[in-house]
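One file, model-v1.tsv, is given below (TSV, C-alpha atoms).
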chain	number	residue	atom	x	y	z
W	14	MET	CA	180.81	148.91	56.11
W	15	ILE	CA	177.53	148.00	54.41
W	16	THR	CA	177.04	145.50	51.58
W	17	ILE	CA	174.15	145.92	49.16
W	18	ILE	CA	172.87	142.94	47.21
W	19	ALA	CA	170.59	144.23	44.45
W	20	LYS	CA	168.86	141.74	42.18
W	21	CYS	CA	167.17	142.62	38.91
W	22	THR	CA	165.68	140.85	35.91
W	23	ALA	CA	165.76	142.28	32.39
W	24	LYS	CA	163.08	141.73	29.80
W	25	LYS	CA	164.75	139.24	27.43
W	26	GLU	CA	164.88	141.72	24.51
W	27	PHE	CA	166.71	144.26	26.68
W	28	VAL	CA	169.52	142.11	28.17
W	29	ASP	CA	172.20	143.84	26.05
W	30	ASP	CA	170.86	147.30	26.94
W	31	LEU	CA	170.98	146.45	30.64
W	32	LEU	CA	174.54	145.17	30.31
W	33	GLU	CA	175.63	148.44	28.72
W	34	LEU	CA	173.91	150.59	31.36
W	35	ALA	CA	175.16	148.46	34.24
W	36	LEU	CA	178.79	148.44	33.12
W	37	GLU	CA	178.65	152.24	32.84
W	38	LEU	CA	177.11	152.46	36.34
W	39	VAL	CA	179.85	150.23	37.77
W	40	GLN	CA	182.62	152.40	36.31
W	41	PHE	CA	181.17	155.64	37.73
W	42	SER	CA	180.22	154.14	41.10
W	43	ARG	CA	183.69	152.72	41.77
W	44	LYS	CA	185.05	156.27	41.53
W	45	GLU	CA	182.82	157.53	44.39
W	46	GLU	CA	184.71	158.42	47.55
W	47	GLY	CA	182.53	156.19	49.78
W	48	ASN	CA	182.64	153.11	47.58
W	49	VAL	CA	184.69	150.06	48.58
W	50	SER	CA	183.69	147.71	45.73
W	51	TYR	CA	180.96	147.51	43.10
W	52	ASP	CA	180.49	144.39	40.99
W	53	PHE	CA	177.93	143.03	38.58
W	54	TYR	CA	177.01	139.37	38.12
W	55	GLN	CA	174.91	137.39	35.64
W	56	ASP	CA	172.92	134.31	36.67
W	57	ILE	CA	174.41	131.26	34.92
W	58	THR	CA	171.07	129.44	34.65
W	59	PHE	CA	168.83	132.45	33.86
W	60	PRO	CA	170.95	134.92	31.82
W	61	GLU	CA	168.32	137.66	32.08
W	62	LYS	CA	168.82	137.74	35.88
W	63	PHE	CA	171.57	139.94	37.32
W	64	THR	CA	172.89	140.93	40.73
W	65	PHE	CA	174.94	143.88	41.89
W	66	ILE	CA	177.12	143.30	44.96
W	67	GLU	CA	178.24	146.66	46.33
W	68	CYS	CA	180.27	147.52	49.40
W	69	TRP	CA	180.03	151.02	50.91
W	70	LYS	CA	181.86	152.71	53.79
W	71	ASP	CA	178.64	153.73	55.59
W	72	SER	CA	175.01	154.75	55.07
W	73	ALA	CA	176.02	158.32	54.18
W	74	ALA	CA	177.99	156.91	51.25
W	75	ILE	CA	174.86	155.06	50.07
W	76	ASP	CA	172.73	158.21	50.38
W	77	SER	CA	175.32	160.08	48.36
W	78	HIS	CA	175.39	157.31	45.71
W	79	ASN	CA	171.60	157.38	45.41
W	80	ALA	CA	171.77	161.11	44.63
W	81	THR	CA	174.42	160.87	41.89
W	82	PRO	CA	173.59	161.66	38.25
W	83	HIS	CA	174.92	158.25	37.13
W	84	PHE	CA	172.70	156.31	39.55
W	85	ASN	CA	169.64	158.34	38.62
W	86	HIS	CA	170.43	157.93	34.92
W	87	PHE	CA	170.52	154.16	35.45
W	88	VAL	CA	167.20	154.17	37.34
W	89	GLU	CA	165.56	156.29	34.65
W	90	LYS	CA	166.87	154.26	31.70
W	91	THR	CA	166.09	150.86	33.25
W	92	GLY	CA	162.42	151.71	33.84
W	93	ARG	CA	161.33	150.00	30.59
W	94	ILE	CA	164.15	147.42	30.66
W	95	PHE	CA	163.44	145.66	33.96
W	96	ALA	CA	160.84	142.89	34.03
W	97	GLY	CA	160.09	143.67	37.71
W	98	PRO	CA	161.21	145.89	40.56
W	99	LEU	CA	164.87	146.04	41.66
W	100	ASP	CA	165.18	143.87	44.80
W	101	VAL	CA	167.58	145.68	47.16
W	102	ALA	CA	168.74	144.45	50.59
W	103	LEU	CA	171.43	145.79	52.91
W	104	PHE	CA	173.79	143.46	54.77
W	105	ARG	CA	176.59	143.52	57.29
W	106	LYS	CA	179.46	141.10	56.73
W	107	LEU	CA	179.89	138.69	59.65
W	108	THR	CA	183.06	136.91	58.53
V	7	MET	CA	185.21	131.26	38.40
V	8	ILE	CA	181.68	130.83	39.74
V	9	THR	CA	180.00	132.91	42.43
V	10	ILE	CA	177.25	131.38	44.54
V	11	ILE	CA	174.73	133.63	46.28
V	12	ALA	CA	172.83	131.52	48.81
V	13	LYS	CA	170.07	133.15	50.84
V	14	CYS	CA	168.51	131.63	53.95
V	15	THR	CA	166.15	132.66	56.73
V	16	ALA	CA	166.39	131.29	60.27
V	17	LYS	CA	163.43	130.75	62.55
V	18	LYS	CA	163.79	133.62	65.04
V	19	GLU	CA	164.55	131.34	67.99
V	20	PHE	CA	167.41	129.70	66.08
V	21	VAL	CA	169.32	132.76	64.86
V	22	ASP	CA	172.23	132.13	67.27
V	23	ASP	CA	172.39	128.44	66.33
V	24	LEU	CA	172.56	129.35	62.65
V	25	LEU	CA	175.33	131.86	63.32
V	26	GLU	CA	177.40	129.20	65.07
V	27	LEU	CA	176.90	126.61	62.33
V	28	ALA	CA	177.55	129.12	59.54
V	29	LEU	CA	180.78	130.47	61.04
V	30	GLU	CA	182.03	126.90	61.37
V	31	LEU	CA	181.07	126.19	57.74
V	32	VAL	CA	182.90	129.31	56.56
V	33	GLN	CA	186.11	128.30	58.35
V	34	PHE	CA	186.15	124.81	56.86
V	35	SER	CA	185.05	125.90	53.37
V	36	ARG	CA	187.79	128.52	53.03
V	37	LYS	CA	190.35	125.74	53.48
V	38	GLU	CA	189.08	123.79	50.46
V	39	GLU	CA	191.48	123.73	47.52
V	40	GLY	CA	188.88	125.03	45.03
V	41	ASN	CA	187.58	127.88	47.17
V	42	VAL	CA	188.43	131.48	46.32
V	43	SER	CA	186.32	133.23	48.99
V	44	TYR	CA	183.47	132.33	51.33
V	45	ASP	CA	181.64	135.01	53.29
V	46	PHE	CA	178.51	135.25	55.40
V	47	TYR	CA	176.26	138.31	55.69
V	48	GLN	CA	173.32	139.31	57.90
V	49	ASP	CA	170.46	141.45	56.59
V	50	ILE	CA	170.49	144.79	58.43
V	51	THR	CA	166.71	145.22	58.31
V	52	PHE	CA	165.69	141.59	58.92
V	53	PRO	CA	168.35	140.04	61.22
V	54	GLU	CA	166.97	136.53	60.73
V	55	LYS	CA	167.87	136.73	57.01
V	56	PHE	CA	171.38	135.74	55.92
V	57	THR	CA	173.32	135.37	52.70
V	58	PHE	CA	176.44	133.43	51.81
V	59	ILE	CA	178.55	134.84	48.97
V	60	GLU	CA	180.98	132.17	47.82
V	61	CYS	CA	183.49	132.20	44.99
V	62	TRP	CA	184.75	128.90	43.53
V	63	LYS	CA	187.36	128.07	40.89
V	64	ASP	CA	184.98	125.96	38.78
V	65	SER	CA	181.95	123.66	38.94
V	66	ALA	CA	184.14	120.69	40.00
V	67	ALA	CA	185.10	122.68	43.10
V	68	ILE	CA	181.41	123.20	43.90
V	69	ASP	CA	180.66	119.51	43.42
V	70	SER	CA	183.55	118.69	45.74
V	71	HIS	CA	182.28	121.22	48.34
V	72	ASN	CA	178.78	119.73	48.24
V	73	ALA	CA	180.27	116.33	49.11
V	74	THR	CA	182.33	117.49	52.12
V	75	PRO	CA	181.47	116.39	55.66
V	76	HIS	CA	181.31	120.02	56.86
V	77	PHE	CA	178.79	121.03	54.18
V	78	ASN	CA	176.63	117.98	54.82
V	79	HIS	CA	176.82	118.58	58.58
V	80	PHE	CA	175.54	122.14	57.96
V	81	VAL	CA	172.68	120.91	55.75
V	82	GLU	CA	171.69	118.27	58.29
V	83	LYS	CA	171.82	120.58	61.31
V	84	THR	CA	169.98	123.47	59.62
V	85	GLY	CA	166.99	121.31	58.68
V	86	ARG	CA	165.01	122.44	61.75
V	87	ILE	CA	166.65	125.89	61.92
V	88	PHE	CA	165.66	127.32	58.53
V	89	ALA	CA	162.26	128.92	58.14
V	90	GLY	CA	162.24	127.98	54.44
V	91	PRO	CA	164.41	126.42	51.75
V	92	LEU	CA	167.94	127.65	51.03
V	93	ASP	CA	167.76	129.85	47.90
V	94	VAL	CA	170.88	129.11	45.84
V	95	ALA	CA	171.85	130.75	42.54
V	96	LEU	CA	175.08	130.56	40.52
V	97	PHE	CA	176.55	133.64	38.87
V	98	ARG	CA	179.44	134.71	36.66
V	99	LYS	CA	181.10	138.00	37.48
V	100	LEU	CA	180.92	140.46	34.57
V	101	THR	CA	183.07	143.27	35.98

How does this structure look as structure tokens?
Amino acid sequence: MITIIAKCTAKKEFVDDLLELALELVQFSRKEEGNVSYDFYQDITFPEKFTFIECWKDSAAIDSHNATPHFNHFVEKTGRIFAGPLDVALFRKLT
Amino acid sequence: MITIIAKCTAKKEFVDDLLELALELVQFSRKEEGNVSYDFYQDITFPEKFTFIECWKDSAAIDSHNATPHFNHFVEKTGRIFAGPLDVALFRKLT
């Protein structure tokens, strides 16, 4: 099992667009065979900052996710929406 | 419900000490009345980097947690263990 924590920041004028794209991405991603959970969070203090917390069965499931049309649609559409690069890190759960 | 994502980095020689302190903190924190979940993750690429993902009923539960002996013991003992400041952010779950 691998947990991805992916942080992103939207340009302030595109917060609603990011919300729409992210909620669509969550719905499609949860249906993938290798997905365990896929959630989306908004920073309480800085509402333009968001974090995905995703749990995947293994690295093959992540490779498969990265090749899906819905993930690539999200990457393509968020190009002008993000204020900086997506910050992605992979974790193993210790507890 | 409030989710805390707290990132920390241990000095390399103190990774095992941090693990011990963190696992103890997790056990005590999960028993708090206002806690929903409390987990601890290790970065797969940089094993000295860790993240807590904590879910709390409300901000009063977080205030109460921050005043507990086990949390303050962790803060005190990690002073010389962390390579930098604890990076704490509060989120609301959107999905």

Discussion item. For a quick check of understanding, using only C-alpha atoms, which of V:Asp49, V:Glu54, V:Glu82, V:Glu30 has the smallest distance to Phe104 of chain W?
Written reply: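 Closest to Phe104 of chain W of all the choices is V:Asp49.
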
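Going from atom CA of Ser43 of chain V over to atom CA of Ile59 of chain V, you cover 7.9 Å.
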
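Across the structure, atom CA of Leu31 of chain W and atom CA of Thr91 of chain W are spaced 7.1 Å apart.
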
Item to complete: Around the point (163.3, 146.3, 25.9) in the file's coordinates, collect all residues with an atom within 10 Å, using all atoms listed in the file, and return them as a ChimeraX atom specification.
Response: /W:23-31,91-96

After superposing chain W onto chain V (least squares, all C-alpha atoms, pairing by order), export the transformed chain as an mmCIF file with C-alpha atoms, keeping the file's coordinate frame.
data_model
loop_
_atom_site.group_PDB
_atom_site.id
_atom_site.type_symbol
_atom_site.label_atom_id
_atom_site.label_comp_id
_atom_site.auth_asym_id
_atom_site.auth_seq_id
_atom_site.Cartn_x
_atom_site.Cartn_y
_atom_site.Cartn_z
ATOM 1 C CA MET W 14 185.220 131.254 38.397
ATOM 2 C CA ILE W 15 181.680 130.835 39.724
ATOM 3 C CA THR W 16 179.995 132.912 42.434
ATOM 4 C CA ILE W 17 177.236 131.392 44.547
ATOM 5 C CA ILE W 18 174.736 133.636 46.289
ATOM 6 C CA ALA W 19 172.829 131.531 48.822
ATOM 7 C CA LYS W 20 170.065 133.146 50.845
ATOM 8 C CA CYS W 21 168.494 131.632 53.938
ATOM 9 C CA THR W 22 166.144 132.655 56.728
ATOM 10 C CA ALA W 23 166.384 131.289 60.266
ATOM 11 C CA LYS W 24 163.437 130.743 62.549
ATOM 12 C CA LYS W 25 163.794 133.630 65.028
ATOM 13 C CA GLU W 26 164.537 131.322 67.997
ATOM 14 C CA PHE W 27 167.402 129.696 66.085
ATOM 15 C CA VAL W 28 169.341 132.771 64.852
ATOM 16 C CA ASP W 29 172.236 132.130 67.277
ATOM 17 C CA ASP W 30 172.391 128.438 66.324
ATOM 18 C CA LEU W 31 172.571 129.345 62.640
ATOM 19 C CA LEU W 32 175.337 131.858 63.314
ATOM 20 C CA GLU W 33 177.399 129.204 65.078
ATOM 21 C CA LEU W 34 176.897 126.619 62.318
ATOM 22 C CA ALA W 35 177.553 129.119 59.541
ATOM 23 C CA LEU W 36 180.772 130.475 61.034
ATOM 24 C CA GLU W 37 182.037 126.895 61.377
ATOM 25 C CA LEU W 38 181.068 126.184 57.741
ATOM 26 C CA VAL W 39 182.907 129.306 56.559
ATOM 27 C CA GLN W 40 186.118 128.303 58.346
ATOM 28 C CA PHE W 41 186.145 124.785 56.850
ATOM 29 C CA SER W 42 185.061 125.886 53.369
ATOM 30 C CA ARG W 43 187.796 128.516 53.036
ATOM 31 C CA LYS W 44 190.354 125.730 53.492
ATOM 32 C CA GLU W 45 189.072 123.783 50.441
ATOM 33 C CA GLU W 46 191.478 123.729 47.516
ATOM 34 C CA GLY W 47 188.868 125.024 45.023
ATOM 35 C CA ASN W 48 187.585 127.877 47.158
ATOM 36 C CA VAL W 49 188.436 131.492 46.314
ATOM 37 C CA SER W 50 186.335 133.239 48.994
ATOM 38 C CA TYR W 51 183.469 132.349 51.319
ATOM 39 C CA ASP W 52 181.646 135.023 53.302
ATOM 40 C CA PHE W 53 178.526 135.277 55.402
ATOM 41 C CA TYR W 54 176.259 138.315 55.686
ATOM 42 C CA GLN W 55 173.322 139.315 57.890
ATOM 43 C CA ASP W 56 170.443 141.444 56.593
ATOM 44 C CA ILE W 57 170.490 144.795 58.425
ATOM 45 C CA THR W 58 166.703 145.225 58.306
ATOM 46 C CA PHE W 59 165.684 141.580 58.920
ATOM 47 C CA PRO W 60 168.348 140.044 61.222
ATOM 48 C CA GLU W 61 166.979 136.524 60.746
ATOM 49 C CA LYS W 62 167.868 136.713 57.021
ATOM 50 C CA PHE W 63 171.377 135.733 55.924
ATOM 51 C CA THR W 64 173.322 135.378 52.692
ATOM 52 C CA PHE W 65 176.437 133.434 51.815
ATOM 53 C CA ILE W 66 178.550 134.850 48.979
ATOM 54 C CA GLU W 67 180.984 132.182 47.804
ATOM 55 C CA CYS W 68 183.498 132.206 44.983
ATOM 56 C CA TRP W 69 184.747 128.902 43.530
ATOM 57 C CA LYS W 70 187.368 128.079 40.893
ATOM 58 C CA ASP W 71 184.972 125.962 38.788
ATOM 59 C CA SER W 72 181.956 123.647 38.946
ATOM 60 C CA ALA W 73 184.130 120.698 40.012
ATOM 61 C CA ALA W 74 185.110 122.685 43.101
ATOM 62 C CA ILE W 75 181.409 123.204 43.908
ATOM 63 C CA ASP W 76 180.660 119.492 43.443
ATOM 64 C CA SER W 77 183.534 118.689 45.762
ATOM 65 C CA HIS W 78 182.283 121.230 48.346
ATOM 66 C CA ASN W 79 178.786 119.739 48.249
ATOM 67 C CA ALA W 80 180.258 116.330 49.121
ATOM 68 C CA THR W 81 182.322 117.491 52.117
ATOM 69 C CA PRO W 82 181.472 116.375 55.666
ATOM 70 C CA HIS W 83 181.302 120.012 56.847
ATOM 71 C CA PHE W 84 178.784 121.026 54.168
ATOM 72 C CA ASN W 85 176.628 117.980 54.815
ATOM 73 C CA HIS W 86 176.814 118.582 58.568
ATOM 74 C CA PHE W 87 175.540 122.121 57.971
ATOM 75 C CA VAL W 88 172.684 120.906 55.745
ATOM 76 C CA GLU W 89 171.685 118.272 58.292
ATOM 77 C CA LYS W 90 171.822 120.586 61.320
ATOM 78 C CA THR W 91 169.992 123.477 59.626
ATOM 79 C CA GLY W 92 166.992 121.325 58.673
ATOM 80 C CA ARG W 93 165.006 122.437 61.754
ATOM 81 C CA ILE W 94 166.645 125.887 61.926
ATOM 82 C CA PHE W 95 165.678 127.318 58.533
ATOM 83 C CA ALA W 96 162.252 128.913 58.133
ATOM 84 C CA GLY W 97 162.239 127.982 54.412
ATOM 85 C CA PRO W 98 164.402 126.401 51.742
ATOM 86 C CA LEU W 99 167.945 127.655 51.035
ATOM 87 C CA ASP W 100 167.747 129.845 47.900
ATOM 88 C CA VAL W 101 170.884 129.113 45.843
ATOM 89 C CA ALA W 102 171.851 130.756 42.528
ATOM 90 C CA LEU W 103 175.075 130.568 40.531
ATOM 91 C CA PHE W 104 176.571 133.649 38.880
ATOM 92 C CA ARG W 105 179.438 134.692 36.668
ATOM 93 C CA LYS W 106 181.116 138.000 37.475
ATOM 94 C CA LEU W 107 180.916 140.453 34.566
ATOM 95 C CA THR W 108 183.052 143.268 35.974
#

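Distance-wise, atom CA of Lys106 of chain W and atom CA of Tyr44 of chain V end up 11.1 Å apart.
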
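Shortest atom-to-atom contact with chain W among V:Arg98, V:Lys37, V:His76, V:His71: V:Arg98, counting only C-alpha atoms.
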
Worksheet entry | 8 Å contacts from chain V to chain W using all atoms listed in the file, as a list in words | Leu29, Val32, Asp45, Phe46, Tyr47, Gln48, Asp49, Ile50, Thr51, Ala95, Leu96, Phe97, Arg98, Lys99, Leu100 and Thr101 of chain V

Worksheet item: Please, which residues are within 8 Å of (175.7, 151.6, 59.9) by the file's coordinates, counting only C-alpha atoms, and could they come as a VMD selection string?
Response: chain W and resid 14 to 15 71 to 72

Mind working out the centre and edge lengths of an axis-aligned box for segment 55-74 of chain W, all listed atoms inside, 8 Å added to each side, rounded to one decimal in Å and written as lines of an AutoDock Vina configuration file?
center_x = 175.1
center_y = 143.9
center_z = 43.7
size_x = 29.5
size_y = 44.9
size_z = 39.8

Discussion item. Restricting the calculation to all atoms listed in the file: of V:Val81, V:Gly40, V:Thr74, V:Leu92, which residue gets closest to Trp62 of chain V?
Written reply: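 So, comparing all the options, the nearest one is V:Gly40.
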
Fill in: 8 Å contact set for Asn48 of chain W, all atoms listed in the file, chain neighbours under 6 positions out, as number ranges by chain
W: 42, 67-70, 74

Take the residues from that selection and put them in a file with C-alpha atoms, as an mmCIF file, in the coordinates of the input.
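part_11.cif was written with the following content:
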data_model
loop_
_atom_site.group_PDB
_atom_site.id
_atom_site.type_symbol
_atom_site.label_atom_id
_atom_site.label_comp_id
_atom_site.auth_asym_id
_atom_site.auth_seq_id
_atom_site.Cartn_x
_atom_site.Cartn_y
_atom_site.Cartn_z
ATOM 1 C CA SER W 42 180.220 154.140 41.100
ATOM 2 C CA GLU W 67 178.240 146.660 46.330
ATOM 3 C CA CYS W 68 180.270 147.520 49.400
ATOM 4 C CA TRP W 69 180.030 151.020 50.910
ATOM 5 C CA LYS W 70 181.860 152.710 53.790
ATOM 6 C CA ALA W 74 177.990 156.910 51.250
#
